[in-house]
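S.K.: What follows is entry_4.pdb; its format and atoms are PDB, C-alpha atoms.
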```pdb
ATOM      1  CA  TYR A   1      83.164 -17.964  43.086
ATOM      2  CA  LYS A   2      84.507 -19.842  40.171
ATOM      3  CA  ALA A   3      86.210 -17.870  37.455
ATOM      4  CA  MET A   4      84.769 -18.290  33.937
ATOM      5  CA  ALA A   5      87.005 -20.174  31.622
ATOM      6  CA  GLN A   6      85.525 -18.542  28.500
ATOM      7  CA  ASN A   7      83.257 -15.752  27.303
ATOM      8  CA  ILE A   8      79.480 -16.365  27.616
ATOM      9  CA  THR A   9      76.421 -14.609  26.143
ATOM     10  CA  LEU A  10      73.307 -14.174  28.248
ATOM     11  CA  TYR A  11      69.905 -13.657  26.614
ATOM     12  CA  ALA A  12      66.938 -11.860  28.169
ATOM     13  CA  LYS A  13      63.650 -13.613  27.443
ATOM     14  CA  TRP A  14      60.093 -12.366  27.984
ATOM     15  CA  THR A  15      56.587 -13.439  27.187
ATOM     16  CA  ILE A  16      54.208 -10.996  25.499
ATOM     17  CA  ASN A  17      51.002 -10.380  27.400
ATOM     18  CA  THR A  18      47.777 -11.795  26.036
ATOM     19  CA  TYR A  19      44.230 -10.627  26.569
ATOM     20  CA  THR A  20      40.645 -11.794  26.248
ATOM     21  CA  ILE A  21      38.516 -10.077  23.619
ATOM     22  CA  THR A  22      34.851 -10.163  24.612
ATOM     23  CA  ILE A  23      32.209 -10.086  21.871
ATOM     24  CA  ALA A  24      28.764  -8.774  22.814
ATOM     25  CA  VAL A  25      25.486  -8.079  21.052
ATOM     26  CA  GLY A  26      24.732  -4.381  21.248
ATOM     27  CA  GLN A  27      20.945  -4.594  20.995
ATOM     28  CA  SER A  28      19.376  -7.497  22.877
ATOM     29  CA  GLY A  29      17.184  -9.662  20.682
ATOM     30  CA  TYR A  30      18.261  -8.037  17.432
ATOM     31  CA  GLY A  31      20.906 -10.621  16.538
ATOM     32  CA  SER A  32      23.559 -13.036  17.771
ATOM     33  CA  VAL A  33      27.288 -13.838  17.500
ATOM     34  CA  ASN A  34      28.781 -17.291  17.074
ATOM     35  CA  THR A  35      31.286 -16.775  19.904
ATOM     36  CA  THR A  36      31.249 -14.459  22.907
ATOM     37  CA  SER A  37      35.013 -14.313  23.549
ATOM     38  CA  VAL A  38      38.401 -14.995  22.024
ATOM     39  CA  THR A  39      41.118 -15.728  24.589
ATOM     40  CA  ALA A  40      44.921 -15.431  24.557
ATOM     41  CA  VAL A  41      45.067 -12.647  22.001
ATOM     42  CA  PRO A  42      48.612 -11.169  22.018
ATOM     43  CA  TYR A  43      49.264  -7.497  22.633
ATOM     44  CA  GLY A  44      49.602  -5.723  19.277
ATOM     45  CA  THR A  45      47.302  -8.092  17.378
ATOM     46  CA  THR A  46      45.206  -6.343  14.727
ATOM     47  CA  ILE A  47      41.467  -6.827  14.985
ATOM     48  CA  LYS A  48      39.570  -5.920  11.842
ATOM     49  CA  VAL A  49      36.493  -6.572   9.751
ATOM     50  CA  GLY A  50      36.951  -9.722   7.716
ATOM     51  CA  SER A  51      35.749 -10.925   4.336
ATOM     52  CA  SER A  52      32.286  -9.406   4.834
ATOM     53  CA  ALA A  53      30.920  -6.629   7.020
ATOM     54  CA  ASN A  54      29.418  -8.982   9.610
ATOM     55  CA  ILE A  55      32.633 -10.988  10.153
ATOM     56  CA  LEU A  56      35.234  -9.851  12.681
ATOM     57  CA  SER A  57      38.749 -11.269  12.395
ATOM     58  CA  VAL A  58      40.373 -11.778  15.817
ATOM     59  CA  ASN A  59      43.776 -13.478  15.883
ATOM     60  CA  GLY A  60      42.757 -16.114  13.349
ATOM     61  CA  THR A  61      39.219 -16.534  14.674
ATOM     62  CA  ASN A  62      36.299 -15.334  12.573
ATOM     63  CA  VAL A  63      33.425 -14.039  14.669
ATOM     64  CA  THR A  64      30.168 -13.906  12.727
ATOM     65  CA  ALA A  65      27.238 -11.657  13.590
ATOM     66  CA  THR A  66      23.810 -12.857  12.424
ATOM     67  CA  ALA A  67      20.664 -10.727  12.475
ATOM     68  CA  THR A  68      17.485 -12.153  13.993
ATOM     69  CA  ALA A  69      15.033 -13.574  11.449
ATOM     70  CA  ALA A  70      12.307 -11.180  10.370
ATOM     71  CA  THR A  71       8.884 -11.351  12.007
ATOM     72  CA  ALA A  72       5.603  -9.945  10.754
ATOM     73  CA  GLN A  73       6.336  -6.805  12.769
ATOM     74  CA  TYR A  74      10.092  -6.272  12.403
ATOM     75  CA  SER A  75      13.038  -6.785  10.084
ATOM     76  CA  TYR A  76      16.567  -6.940  11.518
ATOM     77  CA  ALA A  77      19.939  -6.211   9.941
ATOM     78  CA  PHE A  78      23.582  -6.152  11.003
ATOM     79  CA  SER A  79      24.929  -2.618  11.235
ATOM     80  CA  LYS A  80      28.570  -2.400  12.433
ATOM     81  CA  TRP A  81      31.209  -3.457  14.960
ATOM     82  CA  THR A  82      32.197  -0.934  17.643
ATOM     83  CA  GLN A  83      34.819  -0.790  20.379
ATOM     84  CA  SER A  84      33.966  -0.655  24.109
ATOM     85  CA  SER A  85      30.311   0.444  23.650
ATOM     86  CA  THR A  86      27.582   0.570  21.045
ATOM     87  CA  THR A  87      28.543   4.200  20.393
ATOM     88  CA  GLY A  88      32.280   3.561  20.398
ATOM     89  CA  THR A  89      34.764   3.773  17.543
ATOM     90  CA  GLN A  90      33.735   1.652  14.594
ATOM     91  CA  VAL A  91      35.918  -1.308  13.699
ATOM     92  CA  THR A  92      36.718  -1.283   9.974
ATOM     93  CA  SER A  93      38.766  -3.318   7.521
ATOM     94  CA  THR A  94      41.794  -1.246   8.586
ATOM     95  CA  GLY A  95      41.361  -2.464  12.135
ATOM     96  CA  PHE A  96      42.971  -1.536  15.434
ATOM     97  CA  THR A  97      45.653  -3.091  17.630
ATOM     98  CA  VAL A  98      45.047  -4.840  20.926
ATOM     99  CA  THR A  99      46.502  -3.025  23.922
ATOM    100  CA  GLY A 100      44.439  -4.708  26.615
ATOM    101  CA  ALA A 101      41.223  -6.561  27.279
ATOM    102  CA  ILE A 102      38.320  -5.025  25.370
ATOM    103  CA  THR A 103      34.694  -5.682  24.506
ATOM    104  CA  ILE A 104      33.631  -5.371  20.892
ATOM    105  CA  TYR A 105      29.964  -4.899  20.126
ATOM    106  CA  ALA A 106      28.015  -6.323  17.195
ATOM    107  CA  ASN A 107      25.402  -3.698  16.412
ATOM    108  CA  PHE A 108      22.095  -4.332  14.682
ATOM    109  CA  THR A 109      19.150  -2.287  13.473
ATOM    110  CA  ARG A 110      15.447  -3.054  13.663
ATOM    111  CA  THR A 111      12.820  -1.583  11.353
ATOM    112  CA  THR A 112       9.047  -1.873  11.488
ATOM    113  CA  ASN A 113       7.730  -3.730   8.455
ATOM    114  CA  THR A 114       5.279  -1.971   6.166
ATOM    115  CA  TYR A 115       2.550  -3.441   4.032
ATOM    116  CA  THR A 116       0.241  -2.582   1.156
ATOM    117  CA  VAL A 117      -3.441  -2.279   1.955
ATOM    118  CA  THR A 118      -5.462  -3.000  -1.183
ATOM    119  CA  ILE A 119      -8.913  -1.448  -1.549
ATOM    120  CA  ALA A 120     -11.352  -3.293  -3.802
ATOM    121  CA  VAL A 121     -14.963  -2.914  -4.874
ATOM    122  CA  GLY A 122     -16.907  -5.932  -3.694
ATOM    123  CA  GLN A 123     -19.621  -5.830  -6.362
ATOM    124  CA  SER A 124     -18.415  -4.871  -9.820
ATOM    125  CA  GLY A 125     -20.289  -1.931 -11.267
ATOM    126  CA  TYR A 126     -22.076  -1.053  -8.042
ATOM    127  CA  GLY A 127     -19.655   1.639  -6.964
ATOM    128  CA  THR A 128     -16.102   2.986  -6.906
ATOM    129  CA  VAL A 129     -13.352   3.773  -4.395
ATOM    130  CA  SER A 130     -11.142   6.844  -4.413
ATOM    131  CA  SER A 131      -7.941   4.773  -4.154
ATOM    132  CA  SER A 132      -7.198   1.139  -5.006
ATOM    133  CA  SER A 133      -4.232   0.774  -2.643
ATOM    134  CA  VAL A 134      -2.313   2.455   0.158
ATOM    135  CA  THR A 135       1.379   1.538   0.321
ATOM    136  CA  ALA A 136       3.966   1.582   3.124
ATOM    137  CA  VAL A 137       1.465   1.072   5.928
ATOM    138  CA  PRO A 138       3.410   0.207   9.112
ATOM    139  CA  TYR A 139       2.630  -2.916  11.136
ATOM    140  CA  GLY A 140       0.230  -1.970  13.940
ATOM    141  CA  THR A 141      -1.436   0.879  12.040
ATOM    142  CA  LYS A 142      -5.117   1.216  12.893
ATOM    143  CA  ILE A 143      -7.751   1.114  10.165
ATOM    144  CA  THR A 144     -11.253   2.391  10.982
ATOM    145  CA  ALA A 145     -14.444   3.049   9.065
ATOM    146  CA  SER A 146     -17.242   5.564   9.324
ATOM    147  CA  GLY A 147     -19.934   5.197   6.695
ATOM    148  CA  GLY A 148     -18.346   5.244   3.270
ATOM    149  CA  THR A 149     -15.030   6.598   4.546
ATOM    150  CA  LEU A 150     -12.130   4.309   5.439
ATOM    151  CA  THR A 151      -9.277   5.843   7.472
ATOM    152  CA  ILE A 152      -5.782   4.356   7.526
ATOM    153  CA  ALA A 153      -3.992   6.037  10.429
ATOM    154  CA  LYS A 154      -0.432   6.245   9.102
ATOM    155  CA  SER A 155       1.769   9.077  10.386
ATOM    156  CA  ALA A 156      -0.131  11.132   7.816
ATOM    157  CA  ALA A 157      -3.625   9.631   7.834
ATOM    158  CA  VAL A 158      -5.030   8.424   4.512
ATOM    159  CA  THR A 159      -8.761   8.329   3.802
ATOM    160  CA  VAL A 160     -10.442   6.291   1.096
ATOM    161  CA  THR A 161     -13.983   7.125   0.023
ATOM    162  CA  ALA A 162     -16.526   4.676  -1.395
ATOM    163  CA  THR A 163     -19.075   6.148  -3.792
ATOM    164  CA  ALA A 164     -22.140   4.290  -5.043
ATOM    165  CA  THR A 165     -22.901   4.278  -8.771
ATOM    166  CA  ALA A 166     -25.475   6.853  -9.828
ATOM    167  CA  GLN A 167     -28.969   5.435 -10.131
ATOM    168  CA  THR A 168     -30.355   4.443 -13.492
ATOM    169  CA  ALA A 169     -33.942   3.998 -14.589
ATOM    170  CA  GLN A 170     -33.639   0.339 -13.565
ATOM    171  CA  TYR A 171     -31.469   0.356 -10.430
ATOM    172  CA  SER A 172     -30.546   2.337  -7.331
ATOM    173  CA  TYR A 173     -27.154   1.766  -5.677
ATOM    174  CA  ALA A 174     -25.990   2.366  -2.094
ATOM    175  CA  PHE A 175     -22.863   1.857  -0.053
ATOM    176  CA  SER A 176     -23.249  -0.959   2.481
ATOM    177  CA  LYS A 177     -20.090  -1.656   4.539
ATOM    178  CA  TRP A 178     -16.333  -2.248   4.535
ATOM    179  CA  THR A 179     -15.112  -5.817   5.094
ATOM    180  CA  GLN A 180     -11.730  -7.491   5.584
ATOM    181  CA  SER A 181     -10.262 -10.019   3.132
ATOM    182  CA  SER A 182     -13.534 -10.843   1.360
ATOM    183  CA  THR A 183     -17.016  -9.460   0.825
ATOM    184  CA  SER A 184     -18.236 -11.769   3.594
ATOM    185  CA  GLY A 185     -15.290 -11.042   5.907
ATOM    186  CA  THR A 186     -15.233  -9.247   9.242
ATOM    187  CA  GLN A 187     -16.779  -5.799   9.023
ATOM    188  CA  VAL A 188     -14.524  -2.794   9.554
ATOM    189  CA  THR A 189     -16.133  -0.472  12.103
ATOM    190  CA  SER A 190     -15.296   2.689  13.990
ATOM    191  CA  THR A 191     -13.447   0.501  16.524
ATOM    192  CA  GLY A 192     -11.180  -0.669  13.730
ATOM    193  CA  PHE A 193      -8.396  -3.221  13.553
ATOM    194  CA  THR A 194      -4.608  -3.138  13.327
ATOM    195  CA  VAL A 195      -2.494  -4.050  10.324
ATOM    196  CA  THR A 196      -0.452  -7.246  10.762
ATOM    197  CA  GLY A 197       0.284  -7.923   7.100
ATOM    198  CA  ALA A 198      -0.837  -7.171   3.568
ATOM    199  CA  ILE A 199      -4.624  -7.178   3.335
ATOM    200  CA  THR A 200      -7.455  -6.393   0.948
ATOM    201  CA  ILE A 201     -10.407  -4.380   2.229
ATOM    202  CA  TYR A 202     -13.645  -4.505   0.281
ATOM    203  CA  ALA A 203     -16.108  -1.676  -0.231
ATOM    204  CA  ASN A 204     -19.495  -3.379  -0.401
ATOM    205  CA  PHE A 205     -22.547  -1.971  -2.155
ATOM    206  CA  THR A 206     -26.166  -2.940  -2.635
ATOM    207  CA  ARG A 207     -28.328  -2.658  -5.728
ATOM    208  CA  SER A 208     -32.111  -2.520  -5.733
ATOM    209  CA  THR A 209     -34.555  -2.515  -8.602
ATOM    210  CA  ARG A 210     -36.408   0.770  -8.795
ATOM    211  CA  THR A 211     -40.195   0.836  -8.536
ATOM    212  CA  TYR A 212     -42.677   3.199 -10.094
ATOM    213  CA  THR A 213     -46.265   4.331  -9.778
ATOM    214  CA  VAL A 214     -48.554   3.487 -12.678
ATOM    215  CA  THR A 215     -51.383   6.004 -12.862
ATOM    216  CA  ILE A 216     -54.737   4.945 -14.367
ATOM    217  CA  ALA A 217     -56.861   7.728 -15.812
ATOM    218  CA  VAL A 218     -60.169   7.999 -17.683
ATOM    219  CA  GLY A 219     -59.510   9.293 -21.137
ATOM    220  CA  GLN A 220     -62.906  10.918 -21.698
ATOM    221  CA  SER A 221     -64.390  12.541 -18.669
ATOM    222  CA  GLY A 222     -67.831  11.257 -17.871
ATOM    223  CA  TYR A 223     -67.695   8.366 -20.275
ATOM    224  CA  GLY A 224     -66.669   5.774 -17.763
ATOM    225  CA  THR A 225     -64.723   4.899 -14.613
ATOM    226  CA  VAL A 226     -61.749   2.793 -13.511
ATOM    227  CA  SER A 227     -61.580   0.702 -10.335
ATOM    228  CA  SER A 228     -58.252   2.205  -9.296
ATOM    229  CA  THR A 229     -56.509   5.381 -10.249
ATOM    230  CA  SER A 230     -52.971   4.145  -9.503
ATOM    231  CA  VAL A 231     -50.842   1.135  -8.763
ATOM    232  CA  THR A 232     -47.732   1.859  -6.661
ATOM    233  CA  ALA A 233     -44.397   0.101  -6.266
ATOM    234  CA  VAL A 234     -44.342  -1.454  -9.696
ATOM    235  CA  PRO A 235     -40.815  -2.804 -10.360
ATOM    236  CA  TYR A 236     -38.873  -1.773 -13.435
TER     237      TYR A 236
END
```
Write out the structure in this file as structure tokens.
M.R.:
Amino acid sequence: YKAMAQNITLYAKWTINTYTITIAVGQSGYGSVNTTSVTAVPYGTTIKVGSSANILSVNGTNVTATATAATAQYSYAFSKWTQSSTTGTQVTSTGFTVTGAITIYANFTRTTNTYTVTIAVGQSGYGTVSSSSVTAVPYGTKITASGGTLTIAKSAAVTVTATATAQTAQYSYAFSKWTQSSTSGTQVTSTGFTVTGAITIYANFTRSTRTYTVTIAVGQSGYGTVSSTSVTAVPY
């Protein structure tokens, strides 16, 4: 060998390991993420929630979780980020450090939408209903009718009763039918229909003019006669 002519310093060099961070949606169809992986993330990097709850900060990359747009049936919302599974440790603004490849889940919730069912009298003055509205009726709830009773089958069923106005000397009133959306709308029957949005149901009534019997009598017995002793069905 050749002898060194002077002192020399040797340096040890190494390269830190890097890993891929996979981003997944925890509940299929409930939402989406703008990227499904971030590559070359160095060991020891802190992964944390960013400027808002649905943003994950990964080595300078912001991953955004977006809930699915609401439908008539469901509303969706972002819930949280978790490590390794949907039930794993929640990722917070404090964060955690990367020690290997990992999957982080964007978690979402889904709730069934509820609606107000309005109950109206179809013919003003002809009758009344026991309730003018039923709130928080879930999408898909069945509404049925039997006579003057309307049943809204929530988890705790609600019944609404239609009552005809008491008769007067001139008129008699009666309940007729329940209809959807208008007085001439589809009739609500015992088969029923399901709630798909806010709706007004009408209690329909009929009114008829009362009729009377007019009796004809001879005032002085034996003095004369009349051709008829009564006339029936004479309208008020």
S.K.: Report as a VMD selection string the residues that result from applying the PyMOL selection byres ((chain A and resi 229) around 8) to the structure here.
M.R.: chain A and resid 215 to 217 226 to 228 230 to 231
S.K.: So which one's closest to Phe108 (chain A), A:Thr225, A:Gln90, A:Ser28, A:Gln180? Using all atoms listed in the file, please.
M.R.: A:Ser28
S.K.: Determine, counting all atoms listed in the file, which protein, DNA and RNA residues have an atom within 7 Å of an atom of region 151-161 of chain A; residues of the same chain fewer than 6 positions away are not included. Present the result as a compact mmCIF listing (two decimals) with C-alpha atoms, in the frame of the given file.
M.R.:
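Once everything was written out, this is selection32.txt:
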```txt
# COMPACT_ATOMS: atom_id res chain seq x y z
CA VAL A 129 -13.35 3.77 -4.39
CA SER A 130 -11.14 6.84 -4.41
CA SER A 131 -7.94 4.77 -4.15
CA VAL A 137 1.46 1.07 5.93
CA THR A 141 -1.44 0.88 12.04
CA LYS A 142 -5.12 1.22 12.89
CA ILE A 143 -7.75 1.11 10.16
CA THR A 144 -11.25 2.39 10.98
CA ALA A 145 -14.44 3.05 9.06
```
S.K.: So, counting all atoms listed in the file, which residue among A:Ile21, A:Leu150, A:Val121, A:Val234 is closest to Thr206 (chain A)?
M.R.: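 Checking each candidate against Thr206 (chain A), we get A:Val121 as the closest.
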S.K.: Any chance you could resolve the PyMOL selection byres ((chain A and resi 48) around 12) against this file and give the residues as a ChimeraX atom specification?
M.R.: /A:45-47,49-63,80-83,90-98,104
S.K.: Select, from A:Ala65, A:Ala101, A:Ile16, A:Ala174, the residue with the minimum atom-to-atom distance to Thr39 (chain A), counting all atoms listed in the file.
M.R.: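 Among the listed residues, A:Ala101 lies closest to Thr39 (chain A).
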